[in-house]
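Shown next: run03.pdb, containing PDB, C-alpha atoms and all ligand atoms.
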```
ATOM      1  CA  MET A   1     -14.021  64.122   2.049
ATOM      2  CA  SER A   2     -16.179  65.780   4.678
ATOM      3  CA  GLU A   3     -15.330  69.287   5.791
ATOM      4  CA  THR A   4     -14.317  68.605   9.382
ATOM      5  CA  ALA A   5     -12.116  65.695   8.425
ATOM      6  CA  THR A   6     -10.471  67.660   5.581
ATOM      7  CA  ARG A   7      -9.609  70.582   7.851
ATOM      8  CA  ALA A   8      -8.177  68.286  10.468
ATOM      9  CA  GLY A   9      -6.271  66.346   7.819
ATOM     10  CA  ALA A  10      -4.680  69.550   6.547
ATOM     11  CA  ARG A  11      -3.699  70.531  10.081
ATOM     12  CA  HIS A  12      -2.031  67.169  10.609
ATOM     13  CA  ARG A  13      -0.080  67.313   7.379
ATOM     14  CA  GLY A  14       1.434  70.573   8.571
ATOM     15  CA  SER A  15       2.092  69.853  12.207
ATOM     16  CA  PHE A  16       1.656  66.208  13.107
ATOM     17  CA  ASP A  17       3.777  63.329  11.867
ATOM     18  CA  LEU A  18       1.333  60.436  12.269
ATOM     19  CA  GLN A  19       3.680  57.745  10.982
ATOM     20  CA  ALA A  20       6.362  58.727  13.497
ATOM     21  CA  ASP A  21       3.750  59.053  16.238
ATOM     22  CA  LEU A  22       2.284  55.608  15.487
ATOM     23  CA  ALA A  23       5.722  53.995  15.279
ATOM     24  CA  GLY A  24       6.674  55.545  18.626
ATOM     25  CA  ARG A  25       3.476  54.381  20.298
ATOM     26  CA  ALA A  26       3.800  50.872  18.818
ATOM     27  CA  ALA A  27       7.373  50.590  20.153
ATOM     28  CA  VAL A  28       6.257  51.583  23.678
ATOM     29  CA  ILE A  29       3.298  49.177  23.539
ATOM     30  CA  ASN A  30       5.473  46.320  22.271
ATOM     31  CA  ARG A  31       7.996  46.814  25.081
ATOM     32  CA  ALA A  32       5.214  46.873  27.680
ATOM     33  CA  LEU A  33       3.536  43.759  26.225
ATOM     34  CA  ASP A  34       6.879  41.978  26.278
ATOM     35  CA  CYS A  35       7.230  42.786  30.004
ATOM     36  CA  PHE A  36       3.655  41.811  30.870
ATOM     37  CA  LEU A  37       3.724  38.413  29.131
ATOM     38  CA  PRO A  38       5.405  35.285  30.526
ATOM     39  CA  ARG A  39       8.753  34.556  28.784
ATOM     40  CA  ALA A  40       8.576  32.194  25.812
ATOM     41  CA  THR A  41      10.806  29.745  27.676
ATOM     42  CA  MET A  42       8.561  29.584  30.746
ATOM     43  CA  LYS A  43       6.966  26.183  31.255
ATOM     44  CA  PRO A  44       4.775  25.123  29.493
ATOM     45  CA  ALA A  45       6.786  26.831  26.773
ATOM     46  CA  THR A  46       4.442  25.904  23.903
ATOM     47  CA  ILE A  47       1.591  28.052  25.160
ATOM     48  CA  HIS A  48       3.815  31.057  25.856
ATOM     49  CA  LYS A  49       5.424  30.746  22.424
ATOM     50  CA  ALA A  50       1.966  30.545  20.836
ATOM     51  CA  MET A  51       0.680  33.595  22.734
ATOM     52  CA  ARG A  52       3.741  35.607  21.780
ATOM     53  CA  TYR A  53       3.680  34.362  18.169
ATOM     54  CA  SER A  54       0.340  36.073  17.459
ATOM     55  CA  LEU A  55       0.816  39.019  19.793
ATOM     56  CA  PHE A  56       4.086  40.012  18.108
ATOM     57  CA  ALA A  57       3.082  39.124  14.548
ATOM     58  CA  GLY A  58       2.971  42.759  13.395
ATOM     59  CA  GLY A  59      -0.495  44.071  14.295
ATOM     60  CA  LYS A  60      -1.094  47.768  13.714
ATOM     61  CA  ARG A  61      -1.711  48.377  17.469
ATOM     62  CA  MET A  62      -4.667  50.650  16.700
ATOM     63  CA  ARG A  63      -6.594  49.905  19.883
ATOM     64  CA  PRO A  64      -3.720  50.588  22.289
ATOM     65  CA  ALA A  65      -2.778  53.666  20.237
ATOM     66  CA  LEU A  66      -6.339  54.962  20.661
ATOM     67  CA  CYS A  67      -6.162  54.283  24.391
ATOM     68  CA  LEU A  68      -2.909  56.241  24.788
ATOM     69  CA  ALA A  69      -4.125  59.100  22.572
ATOM     70  CA  ALA A  70      -7.375  59.354  24.561
ATOM     71  CA  ALA A  71      -5.395  59.517  27.800
ATOM     72  CA  GLU A  72      -3.305  62.363  26.362
ATOM     73  CA  ALA A  73      -6.400  64.268  25.236
ATOM     74  CA  CYS A  74      -7.625  64.150  28.847
ATOM     75  CA  GLY A  75      -4.279  65.276  30.279
ATOM     76  CA  GLY A  76      -3.299  61.797  31.497
ATOM     77  CA  SER A  77       0.005  59.965  31.387
ATOM     78  CA  MET A  78       1.286  57.167  29.184
ATOM     79  CA  ASP A  79       2.327  55.154  32.258
ATOM     80  CA  ALA A  80      -1.188  55.159  33.694
ATOM     81  CA  ALA A  81      -2.796  54.168  30.378
ATOM     82  CA  LEU A  82      -0.260  51.526  29.271
ATOM     83  CA  PRO A  83      -1.589  48.515  31.237
ATOM     84  CA  LEU A  84      -5.080  49.117  29.870
ATOM     85  CA  ALA A  85      -3.761  49.646  26.332
ATOM     86  CA  CYS A  86      -1.921  46.313  26.584
ATOM     87  CA  ALA A  87      -4.949  44.530  28.049
ATOM     88  CA  VAL A  88      -7.068  45.604  25.076
ATOM     89  CA  GLU A  89      -4.441  44.412  22.576
ATOM     90  CA  CYS A  90      -4.356  40.989  24.282
ATOM     91  CA  ILE A  91      -8.149  40.717  23.945
ATOM     92  CA  HIS A  92      -7.983  41.797  20.307
ATOM     93  CA  THR A  93      -5.285  39.214  19.524
ATOM     94  CA  TYR A  94      -7.230  36.460  21.298
ATOM     95  CA  SER A  95     -10.281  37.277  19.162
ATOM     96  CA  LEU A  96      -8.219  37.095  15.967
ATOM     97  CA  ILE A  97      -6.698  33.722  16.913
ATOM     98  CA  HIS A  98     -10.148  32.267  17.624
ATOM     99  CA  ASP A  99     -11.716  33.915  14.583
ATOM    100  CA  ASP A 100      -9.115  32.238  12.341
ATOM    101  CA  LEU A 101      -9.875  28.725  13.654
ATOM    102  CA  PRO A 102     -11.422  26.170  11.257
ATOM    103  CA  ALA A 103     -14.657  26.253  13.297
ATOM    104  CA  MET A 104     -14.959  29.991  12.668
ATOM    105  CA  ASP A 105     -13.456  31.873   9.701
ATOM    106  CA  ASN A 106     -10.919  29.154   8.881
ATOM    107  CA  ASP A 107      -8.026  31.284   7.698
ATOM    108  CA  ASP A 108      -4.417  30.361   7.030
ATOM    109  CA  TYR A 109      -2.897  33.836   7.220
ATOM    110  CA  ARG A 110      -3.085  36.700   9.680
ATOM    111  CA  ARG A 111      -0.821  39.698  10.122
ATOM    112  CA  GLY A 112       1.187  38.391   7.169
ATOM    113  CA  LYS A 113       2.072  35.118   8.873
ATOM    114  CA  LEU A 114       0.562  31.645   9.161
ATOM    115  CA  THR A 115      -2.315  31.664  11.623
ATOM    116  CA  ASN A 116      -1.773  30.378  15.146
ATOM    117  CA  HIS A 117      -3.480  27.009  14.611
ATOM    118  CA  LYS A 118      -1.489  26.423  11.404
ATOM    119  CA  VAL A 119       1.737  26.686  13.395
ATOM    120  CA  PHE A 120       0.786  25.265  16.803
ATOM    121  CA  GLY A 121      -2.285  23.119  16.061
ATOM    122  CA  GLU A 122      -5.903  23.801  16.952
ATOM    123  CA  GLY A 123      -5.724  22.766  20.598
ATOM    124  CA  ILE A 124      -2.837  25.094  21.451
ATOM    125  CA  ALA A 125      -4.362  27.920  19.365
ATOM    126  CA  ILE A 126      -7.611  27.697  21.353
ATOM    127  CA  LEU A 127      -5.615  27.735  24.587
ATOM    128  CA  ALA A 128      -3.402  30.612  23.406
ATOM    129  CA  GLY A 129      -6.567  32.659  22.779
ATOM    130  CA  ASP A 130      -7.962  31.704  26.185
ATOM    131  CA  ALA A 131      -4.662  32.560  27.856
ATOM    132  CA  LEU A 132      -4.443  35.974  26.161
ATOM    133  CA  LEU A 133      -7.987  36.816  27.240
ATOM    134  CA  THR A 134      -7.156  35.833  30.819
ATOM    135  CA  GLN A 135      -3.818  37.640  30.659
ATOM    136  CA  ALA A 136      -5.676  40.821  29.731
ATOM    137  CA  PHE A 137      -7.429  40.861  33.093
ATOM    138  CA  GLU A 138      -4.205  40.207  34.975
ATOM    139  CA  ILE A 139      -2.569  43.103  33.115
ATOM    140  CA  ALA A 140      -5.553  45.345  33.831
ATOM    141  CA  THR A 141      -4.946  44.832  37.552
ATOM    142  CA  ALA A 142      -1.687  46.760  37.106
ATOM    143  CA  SER A 143      -3.778  49.910  36.843
ATOM    144  CA  LEU A 144      -4.731  51.209  40.238
ATOM    145  CA  GLY A 145      -8.031  52.951  39.683
ATOM    146  CA  TRP A 146      -8.617  56.706  39.941
ATOM    147  CA  PRO A 147     -10.878  58.984  41.989
ATOM    148  CA  ARG A 148     -13.686  58.952  39.368
ATOM    149  CA  TYR A 149     -13.128  55.369  38.157
ATOM    150  CA  SER A 150     -12.602  52.595  40.636
ATOM    151  CA  HIS A 151     -10.657  49.509  39.844
ATOM    152  CA  ARG A 152     -13.944  47.615  39.750
ATOM    153  CA  GLU A 153     -15.312  49.922  37.069
ATOM    154  CA  ILE A 154     -12.192  49.498  34.949
ATOM    155  CA  VAL A 155     -12.420  45.689  35.075
ATOM    156  CA  ARG A 156     -16.142  45.827  34.266
ATOM    157  CA  GLU A 157     -15.433  48.078  31.275
ATOM    158  CA  VAL A 158     -12.975  45.526  29.855
ATOM    159  CA  ALA A 159     -15.231  42.535  30.611
ATOM    160  CA  ARG A 160     -18.291  44.130  29.022
ATOM    161  CA  ALA A 161     -16.514  44.974  25.763
ATOM    162  CA  ALA A 162     -15.201  41.391  25.484
ATOM    163  CA  GLY A 163     -18.343  39.624  26.660
ATOM    164  CA  SER A 164     -21.435  37.990  25.225
ATOM    165  CA  LEU A 165     -23.291  41.287  24.739
ATOM    166  CA  GLN A 166     -20.518  42.919  22.704
ATOM    167  CA  LEU A 167     -17.486  41.273  21.017
ATOM    168  CA  ILE A 168     -18.844  37.739  21.281
ATOM    169  CA  ALA A 169     -22.383  38.864  20.372
ATOM    170  CA  GLY A 170     -20.980  40.357  17.171
ATOM    171  CA  GLN A 171     -19.144  37.166  16.337
ATOM    172  CA  VAL A 172     -22.260  35.051  16.987
ATOM    173  CA  ALA A 173     -24.396  37.259  14.742
ATOM    174  CA  ASP A 174     -21.643  37.200  12.110
ATOM    175  CA  LEU A 175     -21.482  33.391  12.169
ATOM    176  CA  GLU A 176     -25.253  33.016  12.091
ATOM    177  CA  GLY A 177     -25.590  35.560   9.269
ATOM    178  CA  GLU A 178     -23.265  33.707   6.864
ATOM    179  CA  GLY A 179     -24.999  32.829   3.609
ATOM    180  CA  LYS A 180     -28.151  34.717   4.660
ATOM    181  CA  LYS A 181     -29.520  37.953   3.288
ATOM    182  CA  ILE A 182     -29.357  40.418   6.183
ATOM    183  CA  SER A 183     -30.471  44.026   6.379
ATOM    184  CA  ALA A 184     -28.228  47.087   6.769
ATOM    185  CA  ALA A 185     -29.600  47.436  10.330
ATOM    186  CA  GLU A 186     -28.566  43.874  11.203
ATOM    187  CA  LEU A 187     -25.162  44.492   9.689
ATOM    188  CA  LYS A 188     -24.791  47.601  11.841
ATOM    189  CA  TYR A 189     -25.661  45.486  14.907
ATOM    190  CA  ILE A 190     -22.761  43.150  14.001
ATOM    191  CA  HIS A 191     -20.295  45.992  13.374
ATOM    192  CA  GLU A 192     -21.213  47.752  16.613
ATOM    193  CA  ARG A 193     -20.334  44.657  18.593
ATOM    194  CA  LYS A 194     -17.674  42.824  16.587
ATOM    195  CA  THR A 195     -15.554  45.902  15.925
ATOM    196  CA  SER A 196     -16.761  49.141  17.451
ATOM    197  CA  ALA A 197     -17.141  47.873  21.039
ATOM    198  CA  LEU A 198     -13.427  47.190  21.558
ATOM    199  CA  LEU A 199     -12.270  50.355  19.782
ATOM    200  CA  CYS A 200     -14.727  52.395  21.835
ATOM    201  CA  CYS A 201     -13.619  50.619  25.018
ATOM    202  CA  SER A 202      -9.977  51.451  24.163
ATOM    203  CA  ALA A 203     -10.716  55.166  23.935
ATOM    204  CA  ARG A 204     -12.839  55.112  27.100
ATOM    205  CA  LEU A 205     -10.164  53.259  29.085
ATOM    206  CA  GLY A 206      -7.603  55.867  28.021
ATOM    207  CA  GLY A 207      -9.897  58.593  29.335
ATOM    208  CA  MET A 208     -10.582  56.708  32.560
ATOM    209  CA  SER A 209      -6.836  56.250  33.139
ATOM    210  CA  ALA A 210      -6.615  60.062  33.065
ATOM    211  CA  ASN A 211      -9.483  60.416  35.549
ATOM    212  CA  CYS A 212     -11.442  62.198  32.797
ATOM    213  CA  THR A 213     -14.597  64.211  33.454
ATOM    214  CA  PRO A 214     -18.012  62.668  32.638
ATOM    215  CA  GLY A 215     -18.242  65.055  29.653
ATOM    216  CA  GLU A 216     -14.886  63.886  28.320
ATOM    217  CA  LEU A 217     -15.887  60.234  28.754
ATOM    218  CA  LYS A 218     -19.095  60.880  26.805
ATOM    219  CA  ALA A 219     -17.084  62.513  24.010
ATOM    220  CA  LEU A 220     -14.640  59.587  23.885
ATOM    221  CA  THR A 221     -17.556  57.130  23.766
ATOM    222  CA  GLU A 222     -19.098  59.020  20.862
ATOM    223  CA  PHE A 223     -15.715  59.214  19.131
ATOM    224  CA  GLY A 224     -14.844  55.532  19.648
ATOM    225  CA  TYR A 225     -18.269  54.308  18.557
ATOM    226  CA  HIS A 226     -18.193  56.185  15.247
ATOM    227  CA  VAL A 227     -14.531  55.499  14.514
ATOM    228  CA  GLY A 228     -15.225  51.815  15.222
ATOM    229  CA  LEU A 229     -18.072  51.652  12.724
ATOM    230  CA  ALA A 230     -16.015  53.471  10.083
ATOM    231  CA  PHE A 231     -13.107  51.096  10.777
ATOM    232  CA  GLN A 232     -15.194  48.031   9.945
ATOM    233  CA  ILE A 233     -16.649  49.544   6.760
ATOM    234  CA  ILE A 234     -13.107  50.321   5.588
ATOM    235  CA  ASP A 235     -12.129  46.748   6.517
ATOM    236  CA  ASP A 236     -14.946  45.419   4.328
ATOM    237  CA  ILE A 237     -13.873  47.689   1.455
ATOM    238  CA  LEU A 238     -10.216  46.590   1.766
ATOM    239  CA  ASP A 239     -11.296  42.944   1.664
ATOM    240  CA  VAL A 240     -12.546  43.642  -1.886
ATOM    241  CA  THR A 241      -9.936  46.114  -3.147
ATOM    242  CA  GLN A 242      -6.635  44.859  -1.691
ATOM    243  CA  THR A 243      -4.539  41.745  -2.269
ATOM    244  CA  SER A 244      -3.769  39.120   0.372
ATOM    245  CA  GLU A 245      -0.146  40.338   0.386
ATOM    246  CA  GLN A 246      -1.225  43.904   1.116
ATOM    247  CA  LEU A 247      -3.615  42.826   3.874
ATOM    248  CA  GLY A 248      -1.469  40.105   5.453
ATOM    249  CA  LYS A 249      -4.582  37.901   5.486
ATOM    250  CA  THR A 250      -6.662  36.183   2.823
ATOM    251  CA  ALA A 251      -8.386  38.848   0.704
ATOM    252  CA  GLY A 252     -11.849  38.397  -0.831
ATOM    253  CA  LYS A 253     -12.999  36.075   1.941
ATOM    254  CA  ASP A 254     -16.190  37.982   2.736
ATOM    255  CA  SER A 255     -17.750  37.475  -0.680
ATOM    256  CA  ARG A 256     -16.580  33.846  -0.889
ATOM    257  CA  ALA A 257     -18.150  33.147   2.533
ATOM    258  CA  GLN A 258     -21.273  35.045   1.359
ATOM    259  CA  LYS A 259     -20.872  37.426   4.261
ATOM    260  CA  ALA A 260     -22.982  40.534   4.483
ATOM    261  CA  THR A 261     -20.778  43.603   4.149
ATOM    262  CA  TYR A 262     -21.453  47.275   3.470
ATOM    263  CA  PRO A 263     -20.032  47.084  -0.097
ATOM    264  CA  ALA A 264     -22.297  44.064  -0.769
ATOM    265  CA  ILE A 265     -25.418  45.730   0.631
ATOM    266  CA  VAL A 266     -25.072  49.421  -0.310
ATOM    267  CA  GLY A 267     -22.254  49.378  -2.904
ATOM    268  CA  MET A 268     -18.691  50.662  -2.811
ATOM    269  CA  ASP A 269     -19.312  54.394  -3.279
ATOM    270  CA  THR A 270     -22.023  54.589  -0.633
ATOM    271  CA  SER A 271     -19.848  52.531   1.748
ATOM    272  CA  ARG A 272     -17.013  55.055   1.345
ATOM    273  CA  LYS A 273     -19.447  57.919   1.862
ATOM    274  CA  ILE A 274     -20.824  56.362   5.056
ATOM    275  CA  ALA A 275     -17.288  55.761   6.394
ATOM    276  CA  ARG A 276     -16.470  59.450   5.788
ATOM    277  CA  GLN A 277     -19.688  60.566   7.478
ATOM    278  CA  LEU A 278     -18.959  58.381  10.505
ATOM    279  CA  THR A 279     -15.424  59.777  10.730
ATOM    280  CA  ASP A 280     -16.884  63.260  10.560
ATOM    281  CA  ARG A 281     -19.178  62.450  13.495
ATOM    282  CA  ALA A 282     -16.147  61.151  15.391
ATOM    283  CA  PHE A 283     -14.259  64.411  14.746
ATOM    284  CA  ARG A 284     -17.172  66.506  15.962
ATOM    285  CA  ALA A 285     -17.195  64.590  19.252
ATOM    286  CA  LEU A 286     -13.645  65.810  19.922
ATOM    287  CA  LYS A 287     -14.562  69.498  20.046
ATOM    288  CA  ILE A 288     -14.694  69.380  23.840
ATOM    289  CA  PHE A 289     -10.922  68.769  23.936
ATOM    290  CA  ARG A 290     -10.170  72.148  22.284
ATOM    291  CA  GLY A 291      -7.085  71.138  20.327
ATOM    292  CA  ARG A 292      -5.763  68.598  22.856
ATOM    293  CA  ALA A 293      -7.001  65.647  20.779
ATOM    294  CA  VAL A 294      -4.646  66.058  17.791
ATOM    295  CA  ALA A 295      -3.430  62.447  18.075
ATOM    296  CA  LEU A 296      -7.011  61.129  18.197
ATOM    297  CA  GLU A 297      -7.930  63.186  15.117
ATOM    298  CA  ALA A 298      -4.874  61.896  13.275
ATOM    299  CA  LEU A 299      -5.719  58.309  14.181
ATOM    300  CA  ALA A 300      -9.291  58.704  12.926
ATOM    301  CA  MET A 301      -7.970  60.068   9.626
ATOM    302  CA  TYR A 302      -5.504  57.220   9.345
ATOM    303  CA  LEU A 303      -8.212  54.634   9.995
ATOM    304  CA  LEU A 304     -10.353  56.167   7.252
ATOM    305  CA  GLN A 305      -7.516  56.290   4.728
ATOM    306  CA  ARG A 306      -5.621  53.118   5.633
ATOM    307  CA  ASP A 307      -4.760  50.540   2.973
ATOM    308  CA  ARG A 308      -4.213  47.495   5.192
TER     309      ARG A 308
HETATM  310  C1  LIG A 401     -14.763  36.579  19.971
HETATM  311  C2  LIG A 401     -13.676  34.847  18.478
HETATM  312  C3  LIG A 401     -14.203  36.197  18.670
HETATM  313  C4  LIG A 401     -14.151  37.066  17.634
HETATM  314  C5  LIG A 401     -14.612  38.442  17.719
HETATM  315  C6  LIG A 401     -12.380  40.086  16.199
HETATM  316  C7  LIG A 401     -13.479  39.280  15.634
HETATM  317  C8  LIG A 401     -14.763  39.105  16.379
HETATM  318  C9  LIG A 401     -13.343  38.726  14.435
HETATM  319  C10 LIG A 401     -12.096  38.877  13.623
HETATM  320  C11 LIG A 401     -12.356  39.317  12.230
HETATM  321  C12 LIG A 401     -12.852  40.729  12.108
HETATM  322  C13 LIG A 401     -13.220  41.199  10.753
HETATM  323  C14 LIG A 401     -12.974  41.497  13.150
HETATM  324  C15 LIG A 401     -13.450  42.853  13.142
HETATM  325  C16 LIG A 401     -12.428  43.712  13.706
HETATM  326  C17 LIG A 401     -11.253  43.805  12.799
HETATM  327  C18 LIG A 401     -11.390  44.495  11.496
HETATM  328  C19 LIG A 401     -10.111  43.258  13.179
HETATM  329  C20 LIG A 401      -8.815  43.458  12.522
HETATM  330  O1  LIG A 401      -8.230  44.515  13.234
HETATM  331  P1  LIG A 401      -6.905  45.240  12.773
HETATM  332  O2  LIG A 401      -7.002  45.639  11.323
HETATM  333  O3  LIG A 401      -5.848  44.057  12.902
HETATM  334  O4  LIG A 401      -6.599  46.325  13.741
HETATM  335  P2  LIG A 401      -4.302  44.101  13.345
HETATM  336  O5  LIG A 401      -3.755  42.779  12.892
HETATM  337  O6  LIG A 401      -3.640  45.263  12.664
HETATM  338  O7  LIG A 401      -4.298  44.244  14.822
END
```
Is it possible to express this structure as structure tokens?
Amino acid sequence: MSETATRAGARHRGSFDLQADLAGRAAVINRALDCFLPRATMKPATIHKAMRYSLFAGGKRMRPALCLAAAEACGGSMDAALPLACAVECIHTYSLIHDDLPAMDNDDYRRGKLTNHKVFGEGIAILAGDALLTQAFEIATASLGWPRYSHREIVREVARAAGSLQLIAGQVADLEGEGKKISAAELKYIHERKTSALLCCSARLGGMSANCTPGELKALTEFGYHVGLAFQIIDDILDVTQTSEQLGKTAGKDSRAQKATYPAIVGMDTSRKIARQLTDRAFRALKIFRGRAVALEALAMYLLQRDR
């Protein structure tokens, strides 16, 4: 374990109960998502049931948690950050629903439950993803904008992370790379877009909701980028080391689909080392917050050490 991360980890064990903190944040996020989404009985009920089915299937809520923790680090409030935290989770869930479709990763399980298309059929699953993506922008309008960050900038931030240069670019490169031998640099390109972009956006939105300074926004960008890359390497490692039951989705899919992953390209030990180095870089970015970023540090540690 790298030095910075170890010191921070020790501090957390003494003074910060991450499990309780995460559970508390998840409960607040779940309540807010429930309020923001149309009721399951609202016509046409099928689509609202399908949206809610995946949204409340037991996701870890890492992106909204990062958003709220970043807001705190910048002296902001939970109320101001919550709409943006919820918007990001809707985008994340949409991407998972679409990723699981037969035309993409073709998976039967996600978040420990049957995938959306397995329950509602492909047509409704596609529409549930579309609706969640659209819902995200409606939810984002609940945030008012702040002196340093106009409403326009907030919407652009969300759109860019979800668009064809980031999240979708990563998915395209991932699809096109299947079965091909790709370099570590190309794999990094995929991880930056498929995974890191939305995690980074989550942290930045939290900062923006607190009207953070340009220096703080830069630090959150640096933090989110590196945590996002580490997150995906850990995800690739877990795909090899964990069971489907532990992951709540089909394990071992990457190697069966001949996907390029860090463990496949550089080996397991080097992958773990790179994930630790990236987490270390993320920690260093938080120095500017002078002890106010305890929740962000704890989240980065959790993401490095997670087992699902
Ligand atoms: C635009 C269709 C489309 C897809 C974008 C999200 C995505 C790319 C693909 C899904 C598969 C994948 C490996 C994504 C990378 C990000 C990632 C590891 C997602 C899983 O996130 P967790 O572990 O999931 O936070 P939960 O269920 O806990 O929210």
The PyMOL selection byres (((chain A and resi 255-271) around 7) and not hetatm) applied to the shown file, residues as an mmCIF file with C-alpha atoms, in the frame of the given file:
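File written: result.cif
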```
data_model
loop_
_atom_site.group_PDB
_atom_site.id
_atom_site.type_symbol
_atom_site.label_atom_id
_atom_site.label_comp_id
_atom_site.auth_asym_id
_atom_site.auth_seq_id
_atom_site.Cartn_x
_atom_site.Cartn_y
_atom_site.Cartn_z
ATOM 1 C CA GLU A 178 -23.265 33.707 6.864
ATOM 2 C CA GLY A 179 -24.999 32.829 3.609
ATOM 3 C CA ILE A 182 -29.357 40.418 6.183
ATOM 4 C CA ALA A 184 -28.228 47.087 6.769
ATOM 5 C CA LEU A 187 -25.162 44.492 9.689
ATOM 6 C CA ILE A 233 -16.649 49.544 6.760
ATOM 7 C CA ASP A 236 -14.946 45.419 4.328
ATOM 8 C CA ILE A 237 -13.873 47.689 1.455
ATOM 9 C CA GLY A 252 -11.849 38.397 -0.831
ATOM 10 C CA LYS A 253 -12.999 36.075 1.941
ATOM 11 C CA ASP A 254 -16.190 37.982 2.736
ATOM 12 C CA ARG A 272 -17.013 55.055 1.345
ATOM 13 C CA LYS A 273 -19.447 57.919 1.862
ATOM 14 C CA ILE A 274 -20.824 56.362 5.056
ATOM 15 C CA ALA A 275 -17.288 55.761 6.394
#
```
Checklist entry - Taking only C-alpha atoms and all ligand atoms into account, which residues are within 6 Å of ligand LIG 401 (chain A), as an NGL selection string? => result :A and (59-62 or 95-96 or 98-99 or 111 or 167-168 or 171 or 194-195 or 232 or 235)
Show me, as a PyMOL selection string, the residues that have an atom within 6 Å of segment 218-231 of chain A when counting only C-alpha atoms, minus same-chain residues fewer than 5 positions from it. chain A and resi 195-196+199-200+203-204+275+278-279+282+285
Resolved residues for the PyMOL selection byres (((chain A and resi 52) around 12) and not hetatm) as an NGL selection string: :A and (30 or 33-42 or 45-51 or 53-58 or 90 or 93-94 or 97 or 116 or 120 or 125 or 128-129 or 131-132 or 135)
- Message: Taking all atoms listed in the file into account, name the residue in A:Glu153, A:Glu192, A:Glu72, A:Asp307 that is nearest to Ser244 of chain A.
- Response: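 Between A:Glu153, A:Glu192, A:Glu72, A:Asp307, the residue approaching Ser244 of chain A most closely is A:Asp307.
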- Message: For a quick check of your reading of the model, name the residues lying within 9 Å of the coordinate (0.5, 59.9, 19.3), counting only C-alpha atoms, and write them as a list in words.
- Response: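 Neighbouring residues, ordered by chain and number, come to Phe16, Asp17, Leu18, Ala20, Asp21, Leu22, Ala23, Gly24, Arg25, Ala65, Leu66, Leu68, Ala69, Glu72, Val294, Ala295, Leu296, Ala298 and Leu299 of chain A.
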request  = Quick one: pull the distance between atom CA of Ala27 of chain A and atom CA of Ala293 of chain A, Å, one decimal.
outcome  =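 We find that atom CA of Ala27 of chain A and atom CA of Ala293 of chain A lie 20.8 Å from each other.
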ask   = For Ala85 of chain A, which of A:Leu198, A:Ile126, A:Leu175, A:Val119 is the closest residue, counting all atoms listed in the file?
value =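 Of A:Leu198, A:Ile126, A:Leu175, A:Val119, the one nearest Ala85 of chain A, counting all atoms listed in the file, is A:Leu198.
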